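Next comes entry_34.tsv, a file with TSV, C-alpha atoms.
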chain	number	residue	atom	x	y	z
A	1	MET	CA	7.15	19.90	-6.80
A	2	VAL	CA	4.00	19.10	-4.79
A	3	LYS	CA	3.31	21.54	-1.97
A	4	ASP	CA	0.74	21.72	0.77
A	5	GLY	CA	-1.66	24.59	1.43
A	6	THR	CA	1.06	26.67	3.11
A	7	GLY	CA	3.37	26.54	0.08
A	8	ARG	CA	5.75	24.05	1.67
A	9	VAL	CA	6.76	20.73	0.12
A	10	SER	CA	4.12	18.23	1.23
A	11	LEU	CA	5.07	15.28	3.40
A	12	LEU	CA	3.67	12.91	0.78
A	13	ALA	CA	5.93	14.50	-1.85
A	14	ILE	CA	8.89	13.68	0.41
A	15	PHE	CA	7.69	10.22	1.43
A	16	LEU	CA	6.89	8.71	-2.00
A	17	PRO	CA	10.21	9.40	-3.81
A	18	PHE	CA	12.11	7.93	-0.86
A	19	VAL	CA	9.88	4.83	-0.88
A	20	ARG	CA	10.76	4.27	-4.54
A	21	LEU	CA	14.45	4.87	-3.83
A	22	GLY	CA	14.26	2.52	-0.85
A	23	PHE	CA	13.23	-0.39	-3.08
A	24	THR	CA	16.57	-0.05	-4.89
A	25	GLY	CA	18.59	0.80	-1.78
A	26	PHE	CA	21.20	-1.93	-2.22
A	27	GLY	CA	24.77	-1.28	-1.17
A	28	GLY	CA	24.37	0.69	2.06
A	29	PRO	CA	26.44	3.92	1.81
A	30	ALA	CA	26.55	3.49	-1.97
A	31	MET	CA	23.00	4.86	-2.04
A	32	VAL	CA	24.11	8.31	-0.89
A	33	PRO	CA	24.89	9.52	-4.45
A	34	TYR	CA	21.43	8.36	-5.53
A	35	ILE	CA	19.88	10.32	-2.65
A	36	LYS	CA	21.93	13.29	-3.82
A	37	GLU	CA	20.59	12.88	-7.36
A	38	LEU	CA	17.05	12.93	-5.98
A	39	ALA	CA	17.42	15.83	-3.53
A	40	VAL	CA	19.87	18.06	-5.41
A	41	GLY	CA	19.31	17.09	-9.03
A	42	ARG	CA	15.70	16.10	-9.69
A	43	LYS	CA	13.86	17.86	-6.85
A	44	ALA	CA	16.26	20.79	-6.17
A	45	TRP	CA	15.40	20.63	-2.47
A	46	LEU	CA	19.03	21.27	-1.47
A	47	ASP	CA	22.10	22.72	-3.11
A	48	GLU	CA	25.29	20.71	-3.61
A	49	GLN	CA	27.13	22.31	-0.72
A	50	SER	CA	24.36	21.72	1.82
A	51	PHE	CA	24.05	18.07	0.81
A	52	ARG	CA	27.79	17.48	1.06
A	53	ALA	CA	27.83	19.01	4.53
A	54	GLY	CA	25.00	16.67	5.47
A	55	VAL	CA	26.93	13.62	4.27
A	56	VAL	CA	29.81	14.55	6.55
A	57	LEU	CA	27.46	14.97	9.50
A	58	CYS	CA	25.71	11.67	8.77
A	59	GLN	CA	28.92	9.66	8.70
A	60	THR	CA	30.26	11.15	11.93
A	61	ILE	CA	27.30	10.18	14.13
A	62	PRO	CA	25.95	6.69	14.90
A	63	GLY	CA	23.70	4.95	12.42
A	64	ALA	CA	23.52	3.85	8.80
A	65	THR	CA	24.86	6.61	6.56
A	66	ALA	CA	22.31	6.21	3.75
A	67	MET	CA	19.36	6.24	6.17
A	68	GLN	CA	20.81	9.29	7.88
A	69	ALA	CA	21.31	11.05	4.54
A	70	ALA	CA	17.64	10.49	3.70
A	71	ALA	CA	16.61	11.86	7.10
A	72	TYR	CA	18.93	14.86	6.63
A	73	VAL	CA	17.19	15.79	3.37
A	74	GLY	CA	13.76	15.54	4.99
A	75	LEU	CA	14.86	17.57	8.01
A	76	ARG	CA	16.15	20.33	5.76
A	77	VAL	CA	12.96	20.42	3.70
A	78	ARG	CA	10.24	20.08	6.37
A	79	GLY	CA	11.81	19.77	9.81
A	80	ILE	CA	11.07	16.82	12.09
A	81	LEU	CA	8.00	15.64	10.15
A	82	GLY	CA	9.87	15.86	6.86
A	83	GLY	CA	12.78	13.95	8.35
A	84	LEU	CA	10.45	11.21	9.55
A	85	ALA	CA	8.75	11.05	6.14
A	86	ALA	CA	12.07	10.59	4.34
A	87	TYR	CA	13.50	8.22	6.99
A	88	ILE	CA	10.46	5.96	7.14
A	89	GLY	CA	9.94	6.08	3.38
A	90	PHE	CA	13.52	5.05	2.65
A	91	GLY	CA	13.54	2.28	5.26
A	92	LEU	CA	10.02	0.88	4.74
A	93	PRO	CA	10.81	-1.21	1.61
A	94	ALA	CA	13.73	-2.89	3.36
A	95	PHE	CA	11.52	-3.71	6.35
A	96	LEU	CA	8.76	-5.20	4.19
A	97	LEU	CA	11.13	-7.20	2.00
A	98	MET	CA	13.02	-8.51	5.02
A	99	LEU	CA	9.72	-9.73	6.49
A	100	VAL	CA	9.01	-11.63	3.26
A	101	LEU	CA	12.52	-13.07	3.06
A	102	THR	CA	12.43	-14.11	6.71
A	103	ALA	CA	9.15	-15.97	6.15
A	104	ILE	CA	10.69	-17.71	3.12
A	105	TYR	CA	13.79	-18.53	5.15
A	106	LEU	CA	11.77	-20.15	7.90
A	107	HIS	CA	9.80	-22.37	5.53
A	108	THR	CA	12.14	-23.03	2.57
A	109	ARG	CA	15.72	-22.45	3.68
A	110	GLU	CA	17.21	-24.48	0.85
A	111	LEU	CA	15.05	-23.19	-2.01
A	112	PRO	CA	17.29	-23.34	-5.14
A	113	VAL	CA	15.67	-20.40	-6.92
A	114	THR	CA	16.12	-18.21	-3.85
A	115	THR	CA	19.77	-19.24	-3.59
A	116	SER	CA	20.39	-18.33	-7.23
A	117	LEU	CA	18.57	-15.03	-6.90
A	118	PHE	CA	20.63	-14.02	-3.86
A	119	ALA	CA	23.85	-14.98	-5.64
A	120	GLY	CA	23.00	-12.61	-8.49
A	121	LEU	CA	21.95	-9.76	-6.22
A	122	ARG	CA	25.32	-9.92	-4.47
A	123	VAL	CA	26.96	-9.31	-7.84
A	124	VAL	CA	24.65	-6.36	-8.51
A	125	VAL	CA	25.52	-4.89	-5.11
A	126	VAL	CA	29.20	-4.88	-6.08
A	127	ALA	CA	28.33	-3.11	-9.35
A	128	ILE	CA	26.16	-0.52	-7.54
A	129	VAL	CA	28.85	0.29	-4.99
A	130	ALA	CA	31.56	0.46	-7.68
A	131	ASN	CA	29.44	2.84	-9.75
A	132	ALA	CA	28.74	5.03	-6.72
A	133	THR	CA	32.47	5.12	-5.94
A	134	VAL	CA	33.21	6.43	-9.43
A	135	ASP	CA	30.41	9.02	-9.33
A	136	PHE	CA	31.13	10.33	-5.86
A	137	GLY	CA	34.88	10.30	-6.46
A	138	ARG	CA	34.56	12.31	-9.67
A	139	SER	CA	32.43	14.96	-7.98
A	140	SER	CA	34.60	15.18	-4.84
A	141	ILE	CA	38.19	14.77	-6.03
A	142	LYS	CA	39.28	17.97	-7.76
A	143	ARG	CA	42.98	18.25	-6.91
A	144	VAL	CA	45.91	16.02	-6.05
A	145	PRO	CA	45.53	16.49	-2.24
A	146	ASP	CA	41.89	15.39	-2.55
A	147	GLY	CA	42.96	12.16	-4.25
A	148	VAL	CA	45.69	11.55	-1.68
A	149	ILE	CA	43.24	11.86	1.24
A	150	ALA	CA	40.65	9.60	-0.42
A	151	ALA	CA	43.30	6.97	-1.26
A	152	LEU	CA	44.67	6.99	2.29
A	153	ALA	CA	41.14	6.51	3.64
A	154	ALA	CA	40.52	3.56	1.31
A	155	VAL	CA	43.77	1.87	2.34
A	156	ALA	CA	43.07	2.44	6.04
A	157	LEU	CA	39.53	1.04	5.83
A	158	ALA	CA	40.31	-1.99	3.65
A	159	PRO	CA	42.01	-5.22	4.75
A	160	PRO	CA	44.43	-5.82	6.32
A	161	LEU	CA	44.30	-2.57	8.32
A	162	LYS	CA	40.50	-2.31	8.75
A	163	MET	CA	40.83	0.81	10.88
A	164	ASN	CA	37.89	2.19	12.78
A	165	PRO	CA	35.92	4.36	10.31
A	166	ILE	CA	35.50	7.10	12.91
A	167	ALA	CA	39.27	7.27	13.41
A	168	VAL	CA	39.75	7.46	9.64
A	169	ILE	CA	37.17	10.26	9.36
A	170	VAL	CA	38.89	12.24	12.12
A	171	ILE	CA	42.31	11.77	10.51
A	172	CYS	CA	40.99	12.83	7.11
A	173	GLY	CA	39.33	15.86	8.71
A	174	VAL	CA	42.67	16.92	10.20
A	175	LEU	CA	44.38	16.37	6.85
A	176	GLY	CA	41.67	18.48	5.23
A	177	CYS	CA	42.50	21.35	7.58
A	178	LEU	CA	46.20	21.07	6.72
A	179	LEU	CA	46.16	20.28	3.00
A	180	LEU	CA	42.97	21.59	1.40
A	181	LYS	CA	42.28	25.10	0.16
A	182	GLU	CA	39.12	27.06	0.84
A	183	GLU	CA	36.32	26.87	-1.74
A	184	GLY	CA	33.92	29.83	-1.60
A	185	SER	CA	32.29	31.18	1.52
A	186	GLY	CA	30.72	27.86	2.39
A	187	ALA	CA	28.40	29.23	5.02
A	188	GLY	CA	25.62	26.79	5.81
A	189	PRO	CA	21.98	27.75	5.96
A	190	GLY	CA	22.23	28.21	9.69
A	191	ALA	CA	19.52	28.19	12.30
A	192	ALA	CA	18.79	31.62	13.76
A	193	ASP	CA	17.55	30.03	16.97
A	194	PRO	CA	19.12	26.58	17.54
A	195	TRP	CA	17.04	26.01	20.68
A	196	ARG	CA	13.82	26.52	18.72
A	197	ALA	CA	15.00	23.98	16.13
A	198	ILE	CA	16.00	21.46	18.80
A	199	ARG	CA	12.71	21.51	20.73
A	200	PRO	CA	10.78	19.24	18.29
A	201	ALA	CA	13.61	16.70	18.47
A	202	LEU	CA	13.53	16.79	22.28
A	203	LEU	CA	9.79	16.19	22.19
A	204	LEU	CA	10.30	13.20	19.90
A	205	VAL	CA	12.95	11.77	22.24
A	206	ALA	CA	10.60	12.23	25.20
A	207	LEU	CA	7.80	10.38	23.39
A	208	GLY	CA	10.23	7.56	22.61
A	209	ALA	CA	11.19	7.29	26.27
A	210	VAL	CA	7.51	7.04	27.23
A	211	ALA	CA	6.97	4.28	24.66
A	212	ILE	CA	9.94	2.30	26.01
A	213	ALA	CA	8.62	2.67	29.56
A	214	ALA	CA	5.23	1.39	28.40
A	215	LEU	CA	6.85	-1.68	26.82
A	216	TYR	CA	8.56	-2.44	30.13
A	217	GLY	CA	5.17	-2.86	31.76
A	218	LEU	CA	3.42	-4.57	28.84
A	219	ASP	CA	5.85	-7.20	27.51
A	220	SER	CA	9.30	-8.04	28.84
A	221	ASP	CA	10.39	-9.71	25.57
A	222	LEU	CA	9.49	-6.67	23.48
A	223	PHE	CA	11.20	-4.42	26.00
A	224	ALA	CA	14.37	-6.52	25.86
A	225	LEU	CA	14.30	-6.50	22.05
A	226	THR	CA	13.87	-2.74	21.91
A	227	THR	CA	16.58	-1.89	24.44
A	228	ALA	CA	19.04	-4.32	22.81
A	229	MET	CA	18.56	-2.67	19.42
A	230	LEU	CA	18.76	0.79	20.95
A	231	ARG	CA	22.21	-0.11	22.31
A	232	VAL	CA	23.27	-1.43	18.91
A	233	ASP	CA	22.32	1.81	17.13
A	234	LEU	CA	23.71	4.15	19.78
A	235	PHE	CA	27.19	2.64	19.46
A	236	ALA	CA	27.20	1.84	15.72
A	237	PHE	CA	29.72	4.51	14.78
A	238	GLY	CA	31.01	4.06	11.24
A	239	GLY	CA	27.80	3.21	9.38
A	240	GLY	CA	25.58	0.17	9.06
A	241	PHE	CA	28.43	-2.34	9.03
A	242	ALA	CA	29.38	-1.33	12.56
A	243	SER	CA	26.06	-2.71	13.79
A	244	ALA	CA	26.96	-6.29	12.85
A	245	PRO	CA	29.32	-7.24	15.74
A	246	LEU	CA	27.23	-5.27	18.23
A	247	MET	CA	24.04	-7.03	17.18
A	248	HIS	CA	25.75	-10.43	17.25
A	249	HIS	CA	26.87	-9.76	20.81
A	250	GLU	CA	23.38	-8.75	21.96
A	251	VAL	CA	21.45	-11.46	20.11
A	252	VAL	CA	23.74	-14.47	20.50
A	253	ASN	CA	25.92	-13.82	23.53
A	254	VAL	CA	23.81	-11.67	25.85
A	255	HIS	CA	20.24	-12.87	25.24
A	256	GLY	CA	20.77	-16.22	23.48
A	257	TRP	CA	17.81	-15.65	21.19
A	258	MET	CA	19.44	-17.75	18.43
A	259	ASP	CA	22.67	-19.54	17.68
A	260	ALA	CA	25.49	-17.94	15.71
A	261	ARG	CA	24.68	-19.84	12.51
A	262	THR	CA	21.07	-18.64	12.46
A	263	PHE	CA	22.19	-15.09	13.12
A	264	LEU	CA	24.64	-15.28	10.21
A	265	ASP	CA	21.78	-16.44	7.98
A	266	GLY	CA	19.95	-13.27	8.97
A	267	MET	CA	23.02	-11.19	8.16
A	268	ALA	CA	23.14	-12.79	4.71
A	269	LEU	CA	19.51	-11.80	4.13
A	270	GLY	CA	20.37	-8.31	5.31
A	271	GLN	CA	23.09	-8.01	2.69
A	272	VAL	CA	20.77	-8.84	-0.20
A	273	THR	CA	17.88	-6.73	1.09
A	274	PRO	CA	17.69	-3.06	0.08
A	275	GLY	CA	18.60	-0.79	2.92
A	276	PRO	CA	21.33	-0.89	5.57
A	277	LEU	CA	22.74	-4.06	7.08
A	278	ALA	CA	21.10	-3.11	10.37
A	279	ILE	CA	17.80	-4.24	8.83
A	280	THR	CA	18.88	-7.65	10.15
A	281	ALA	CA	17.08	-6.44	13.30
A	282	THR	CA	13.82	-7.22	11.50
A	283	PHE	CA	14.95	-10.83	11.07
A	284	VAL	CA	15.94	-11.08	14.73
A	285	GLY	CA	12.71	-9.54	15.99
A	286	TYR	CA	10.56	-11.79	13.79
A	287	LEU	CA	12.23	-14.95	15.08
A	288	VAL	CA	11.94	-13.80	18.70
A	289	LYS	CA	8.40	-12.35	18.75
A	290	GLY	CA	6.82	-12.53	15.31
A	291	PHE	CA	5.61	-9.46	13.40
A	292	LEU	CA	5.33	-7.28	16.50
A	293	GLY	CA	8.86	-8.22	17.50
A	294	ALA	CA	10.12	-7.39	14.00
A	295	THR	CA	8.43	-3.99	14.20
A	296	VAL	CA	9.79	-2.91	17.58
A	297	ALA	CA	13.28	-4.28	16.82
A	298	THR	CA	13.39	-2.32	13.56
A	299	ILE	CA	12.23	0.89	15.22
A	300	GLY	CA	14.75	0.34	18.01
A	301	VAL	CA	17.71	-0.10	15.67
A	302	PHE	CA	16.98	3.10	13.72
A	303	ALA	CA	15.35	5.51	16.19
A	304	PRO	CA	18.40	6.65	18.22
A	305	SER	CA	20.45	7.75	15.21
A	306	PHE	CA	17.51	9.77	13.86
A	307	GLY	CA	17.12	11.50	17.22
A	308	ILE	CA	20.83	12.28	17.39
A	309	LEU	CA	20.78	13.72	13.87
A	310	ALA	CA	17.79	15.94	14.65
A	311	LEU	CA	19.43	17.20	17.85
A	312	VAL	CA	22.86	17.86	16.35
A	313	LEU	CA	21.77	19.45	13.06
A	314	PRO	CA	20.97	22.99	14.37
A	315	VAL	CA	24.38	23.26	16.07
A	316	PHE	CA	26.06	21.85	12.97
A	317	ASP	CA	24.61	24.72	10.94
A	318	ARG	CA	26.45	27.25	13.09
A	319	LEU	CA	29.74	25.36	12.80
A	320	GLN	CA	29.62	25.62	9.02
A	321	THR	CA	30.41	29.34	9.22
A	322	TRP	CA	34.01	28.52	10.28
A	323	ALA	CA	36.51	28.24	7.42
A	324	LEU	CA	38.64	25.70	9.28
A	325	PHE	CA	35.61	23.55	9.95
A	326	ARG	CA	34.62	23.64	6.27
A	327	ARG	CA	38.05	22.34	5.27
A	328	ALA	CA	37.76	19.60	7.87
A	329	MET	CA	34.36	18.66	6.43
A	330	ARG	CA	35.84	18.37	2.95
A	331	GLY	CA	38.51	16.06	4.31
A	332	ALA	CA	35.87	13.94	5.99
A	333	LEU	CA	33.86	13.83	2.76
A	334	LEU	CA	36.90	12.46	0.96
A	335	ALA	CA	37.05	9.77	3.64
A	336	PHE	CA	33.58	8.76	2.46
A	337	VAL	CA	34.97	8.24	-1.06
A	338	GLY	CA	37.55	5.92	0.47
A	339	LEU	CA	34.80	4.13	2.39
A	340	LEU	CA	32.93	3.45	-0.85
A	341	ALA	CA	36.08	2.08	-2.48
A	342	ALA	CA	36.80	-0.16	0.51
A	343	THR	CA	33.18	-1.33	0.56
A	344	THR	CA	33.45	-2.32	-3.11
A	345	VAL	CA	36.43	-4.52	-2.32
A	346	ARG	CA	34.77	-5.98	0.78
A	347	PHE	CA	31.58	-6.86	-1.10
A	348	SER	CA	33.50	-8.44	-3.98
A	349	PHE	CA	34.97	-11.00	-1.57
A	350	ASP	CA	31.43	-12.02	-0.54
A	351	VAL	CA	30.49	-13.03	-4.10
A	352	SER	CA	30.87	-16.56	-5.48
A	353	TRP	CA	32.39	-15.53	-8.78
A	354	SER	CA	31.81	-17.51	-11.95
A	355	LEU	CA	31.82	-16.56	-15.63
A	356	ALA	CA	28.06	-15.95	-15.55
A	357	ALA	CA	28.32	-13.91	-12.36
A	358	ALA	CA	31.16	-11.82	-13.80
A	359	LEU	CA	29.18	-11.11	-16.98
A	360	ILE	CA	26.12	-10.07	-14.95
A	361	GLY	CA	28.32	-7.78	-12.85
A	362	ILE	CA	29.95	-6.17	-15.89
A	363	ALA	CA	26.57	-5.69	-17.57
A	364	ALA	CA	25.10	-4.15	-14.41
A	365	PHE	CA	28.04	-1.77	-13.98
A	366	THR	CA	27.91	-0.75	-17.65
A	367	ALA	CA	24.16	-0.11	-17.47
A	368	LEU	CA	24.59	2.02	-14.34
A	369	ARG	CA	27.36	4.04	-15.99
A	370	ARG	CA	24.97	4.69	-18.88
A	371	LYS	CA	22.42	6.04	-16.37
A	372	VAL	CA	19.93	3.16	-16.69
A	373	ASP	CA	17.50	3.39	-13.77
A	374	ILE	CA	18.82	1.28	-10.92
A	375	ILE	CA	15.48	-0.49	-10.38
A	376	TRP	CA	15.62	-1.96	-13.90
A	377	VAL	CA	19.21	-3.05	-13.39
A	378	VAL	CA	18.27	-4.90	-10.20
A	379	LEU	CA	15.22	-6.56	-11.76
A	380	ALA	CA	17.09	-7.65	-14.90
A	381	ALA	CA	20.01	-9.01	-12.91
A	382	GLY	CA	17.64	-10.93	-10.63
A	383	LEU	CA	15.96	-12.56	-13.63
A	384	LEU	CA	19.31	-13.50	-15.23
A	385	SER	CA	20.54	-14.88	-11.91
A	386	ALA	CA	17.50	-17.13	-11.51
A	387	LEU	CA	18.08	-18.46	-15.02
A	388	PHE	CA	21.86	-18.89	-15.17
A	389	LEU	CA	23.39	-18.99	-11.67

Spit out the file's structure as structure tokens when you get a sec.
Amino acid sequence: MVKDGTGRVSLLAIFLPFVRLGFTGFGGPAMVPYIKELAVGRKAWLDEQSFRAGVVLCQTIPGATAMQAAAYVGLRVRGILGGLAAYIGFGLPAFLLMLVLTAIYLHTRELPVTTSLFAGLRVVVVAIVANATVDFGRSSIKRVPDGVIAALAAVALAPPLKMNPIAVIVICGVLGCLLLKEEGSGAGPGAADPWRAIRPALLLVALGAVAIAALYGLDSDLFALTTAMLRVDLFAFGGGFASAPLMHHEVVNVHGWMDARTFLDGMALGQVTPGPLAITATFVGYLVKGFLGATVATIGVFAPSFGILALVLPVFDRLQTWALFRRAMRGALLAFVGLLAATTVRFSFDVSWSLAAALIGIAAFTALRRKVDIIWVVLAAGLLSALFL
């Protein structure tokens, strides 16, 4: 573990592992178990209980769950600066790759090799999410009531019900209070002085407000882009997928920056780019205002949820000392297992299945189950897709 001169984990030691993980961040919430493997397993920055509590917090506030989980780890390790290092590191690869894909889209929309590559990556995404469902389910489901809650969440989130994820989380939390037994003391790390912990987050929010005010005077297009994406993130309860209809409304209906078909093309790129689906904001910003537009749109669509996480975390620590709250958290965590299962089904419907695609998917899933590094699985599947799909 690399530490700075004060004995703390250095910001670079937080940033670099999350950059590497970000390059393989396919599957949205399916990346949470891989973040857990990094933070709890390889680096031992957090214990299992603290990470699980963080997952519950991340899925109950606005924003993409995987991005929030990365920020949570950084916040625990090094406060606001550590949270920013993990958050930016995890999201940077998606931003850079979306810029490249958007440039390709604008110049060669019908490129056959690109089409084949994307077809294969969709199959790999299904395999990644399926593998994460198995891993997270095995570590979370210990008793029959656990399995019942997770199964109910999966049914509620999947078609035809497609319930609001927040409603499902709340219901599962209530069921956790009623059905689950207490496991250990469960007391969180706790913040002795919540106000002291919140002050850096308030300063960050104030700086963000100043930056938005400056954009208002400098460039009306950039200001409109930023505020539109801020609204998307503030109301994207339920993870990255919740941002899709909100962003469509802002981009197509409110501002008319592009037609619906072009926006859907951007959503397709977002699904095959590592990182959350909200990275489609990069595509939108690039088409509206070039690289600068892509930058401010991306910051806008991720900044609010980071600020909310940083503000809520100190209070959340105190809540963990309540036994009833801990049972509710376990119920909400089981809802996340159901979310992964429902996401696997949802993604599988987005794949154009063929014999070659099925074989690539089975091979990818098998390799992941055998603990082959996810980056090699993605690269190998991309090569096979370009050759055979």

Exercise: Val113 in chain A partners within 12 Å, all atoms listed in the file, chain neighbours under 5 positions left out, as an mmCIF file with C-alpha atoms, in the frame of the given file:
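Dumped everything to out04.cif:
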data_model
loop_
_atom_site.group_PDB
_atom_site.id
_atom_site.type_symbol
_atom_site.label_atom_id
_atom_site.label_comp_id
_atom_site.auth_asym_id
_atom_site.auth_seq_id
_atom_site.Cartn_x
_atom_site.Cartn_y
_atom_site.Cartn_z
ATOM 1 C CA ILE A 104 10.690 -17.710 3.120
ATOM 2 C CA THR A 108 12.140 -23.030 2.570
ATOM 3 C CA PHE A 118 20.630 -14.020 -3.860
ATOM 4 C CA ALA A 119 23.850 -14.980 -5.640
ATOM 5 C CA GLY A 120 23.000 -12.610 -8.490
ATOM 6 C CA GLY A 382 17.640 -10.930 -10.630
ATOM 7 C CA LEU A 383 15.960 -12.560 -13.630
ATOM 8 C CA LEU A 384 19.310 -13.500 -15.230
ATOM 9 C CA SER A 385 20.540 -14.880 -11.910
ATOM 10 C CA ALA A 386 17.500 -17.130 -11.510
ATOM 11 C CA LEU A 387 18.080 -18.460 -15.020
ATOM 12 C CA PHE A 388 21.860 -18.890 -15.170
ATOM 13 C CA LEU A 389 23.390 -18.990 -11.670
#

Checklist entry - From the set A:His255, A:Arg143, A:Arg122, A:Arg261, which residue has the shortest atom-to-atom contact distance to Phe347 in chain A, counting all atoms listed in the file? => result A:Arg122

Checklist entry - So which residues are close to (16.8, 3.3, 3.0), meaning at most 12 Å away in the file's coordinates with all atoms listed in the file counted, and can you show them as a PyMOL selection string? => result chain A and resi 15+17-32+34-35+63-71+85-97+240+273-279+302

Kindly export the residues of the current selection with C-alpha atoms, as a CSV table (one decimal), in the frame of the given file.
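Okay, this is what ended up in selection.csv:
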chain,number,residue,atom,x,y,z
A,15,PHE,CA,7.7,10.2,1.4
A,17,PRO,CA,10.2,9.4,-3.8
A,18,PHE,CA,12.1,7.9,-0.9
A,19,VAL,CA,9.9,4.8,-0.9
A,20,ARG,CA,10.8,4.3,-4.5
A,21,LEU,CA,14.4,4.9,-3.8
A,22,GLY,CA,14.3,2.5,-0.8
A,23,PHE,CA,13.2,-0.4,-3.1
A,24,THR,CA,16.6,0.0,-4.9
A,25,GLY,CA,18.6,0.8,-1.8
A,26,PHE,CA,21.2,-1.9,-2.2
A,27,GLY,CA,24.8,-1.3,-1.2
A,28,GLY,CA,24.4,0.7,2.1
A,29,PRO,CA,26.4,3.9,1.8
A,30,ALA,CA,26.6,3.5,-2.0
A,31,MET,CA,23.0,4.9,-2.0
A,32,VAL,CA,24.1,8.3,-0.9
A,34,TYR,CA,21.4,8.4,-5.5
A,35,ILE,CA,19.9,10.3,-2.6
A,63,GLY,CA,23.7,5.0,12.4
A,64,ALA,CA,23.5,3.8,8.8
A,65,THR,CA,24.9,6.6,6.6
A,66,ALA,CA,22.3,6.2,3.8
A,67,MET,CA,19.4,6.2,6.2
A,68,GLN,CA,20.8,9.3,7.9
A,69,ALA,CA,21.3,11.0,4.5
A,70,ALA,CA,17.6,10.5,3.7
A,71,ALA,CA,16.6,11.9,7.1
A,85,ALA,CA,8.8,11.0,6.1
A,86,ALA,CA,12.1,10.6,4.3
A,87,TYR,CA,13.5,8.2,7.0
A,88,ILE,CA,10.5,6.0,7.1
A,89,GLY,CA,9.9,6.1,3.4
A,90,PHE,CA,13.5,5.0,2.6
A,91,GLY,CA,13.5,2.3,5.3
A,92,LEU,CA,10.0,0.9,4.7
A,93,PRO,CA,10.8,-1.2,1.6
A,94,ALA,CA,13.7,-2.9,3.4
A,95,PHE,CA,11.5,-3.7,6.4
A,96,LEU,CA,8.8,-5.2,4.2
A,97,LEU,CA,11.1,-7.2,2.0
A,240,GLY,CA,25.6,0.2,9.1
A,273,THR,CA,17.9,-6.7,1.1
A,274,PRO,CA,17.7,-3.1,0.1
A,275,GLY,CA,18.6,-0.8,2.9
A,276,PRO,CA,21.3,-0.9,5.6
A,277,LEU,CA,22.7,-4.1,7.1
A,278,ALA,CA,21.1,-3.1,10.4
A,279,ILE,CA,17.8,-4.2,8.8
A,302,PHE,CA,17.0,3.1,13.7

Checklist entry - Closest to Cys177 in chain A among A:Val100, A:Leu340, A:Ala328, A:Val9, using all atoms listed in the file? => result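 The answer is A:Ala328, which sits nearest to Cys177 in chain A.
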
Checklist entry - Skipping near chain neighbours, those fewer than 4 positions away, what residues fall within 9 Å of Thr227 in chain A using all atoms listed in the file, listed as a PyMOL selection string? => result chain A and resi 212+222-223+231-232+297+300

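All protein, DNA and RNA residues at most 6 Å from (19.5, 4.1, 16.5) are A:Gly63, A:Leu230, A:Asp233, A:Leu234, A:Val301, A:Phe302, A:Ala303, A:Pro304, A:Ser305, using only C-alpha atoms.
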
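Minimum distance to Phe325 in chain A across A:Leu11, A:Ile198, A:Leu180, A:Gly361 (counting only C-alpha atoms) occurs at A:Leu180.
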
Checklist entry - CA of Pro62 in chain A and CA of Ile299 in chain A are how many Å apart? => result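 These two atoms are separated by 14.9 Å.
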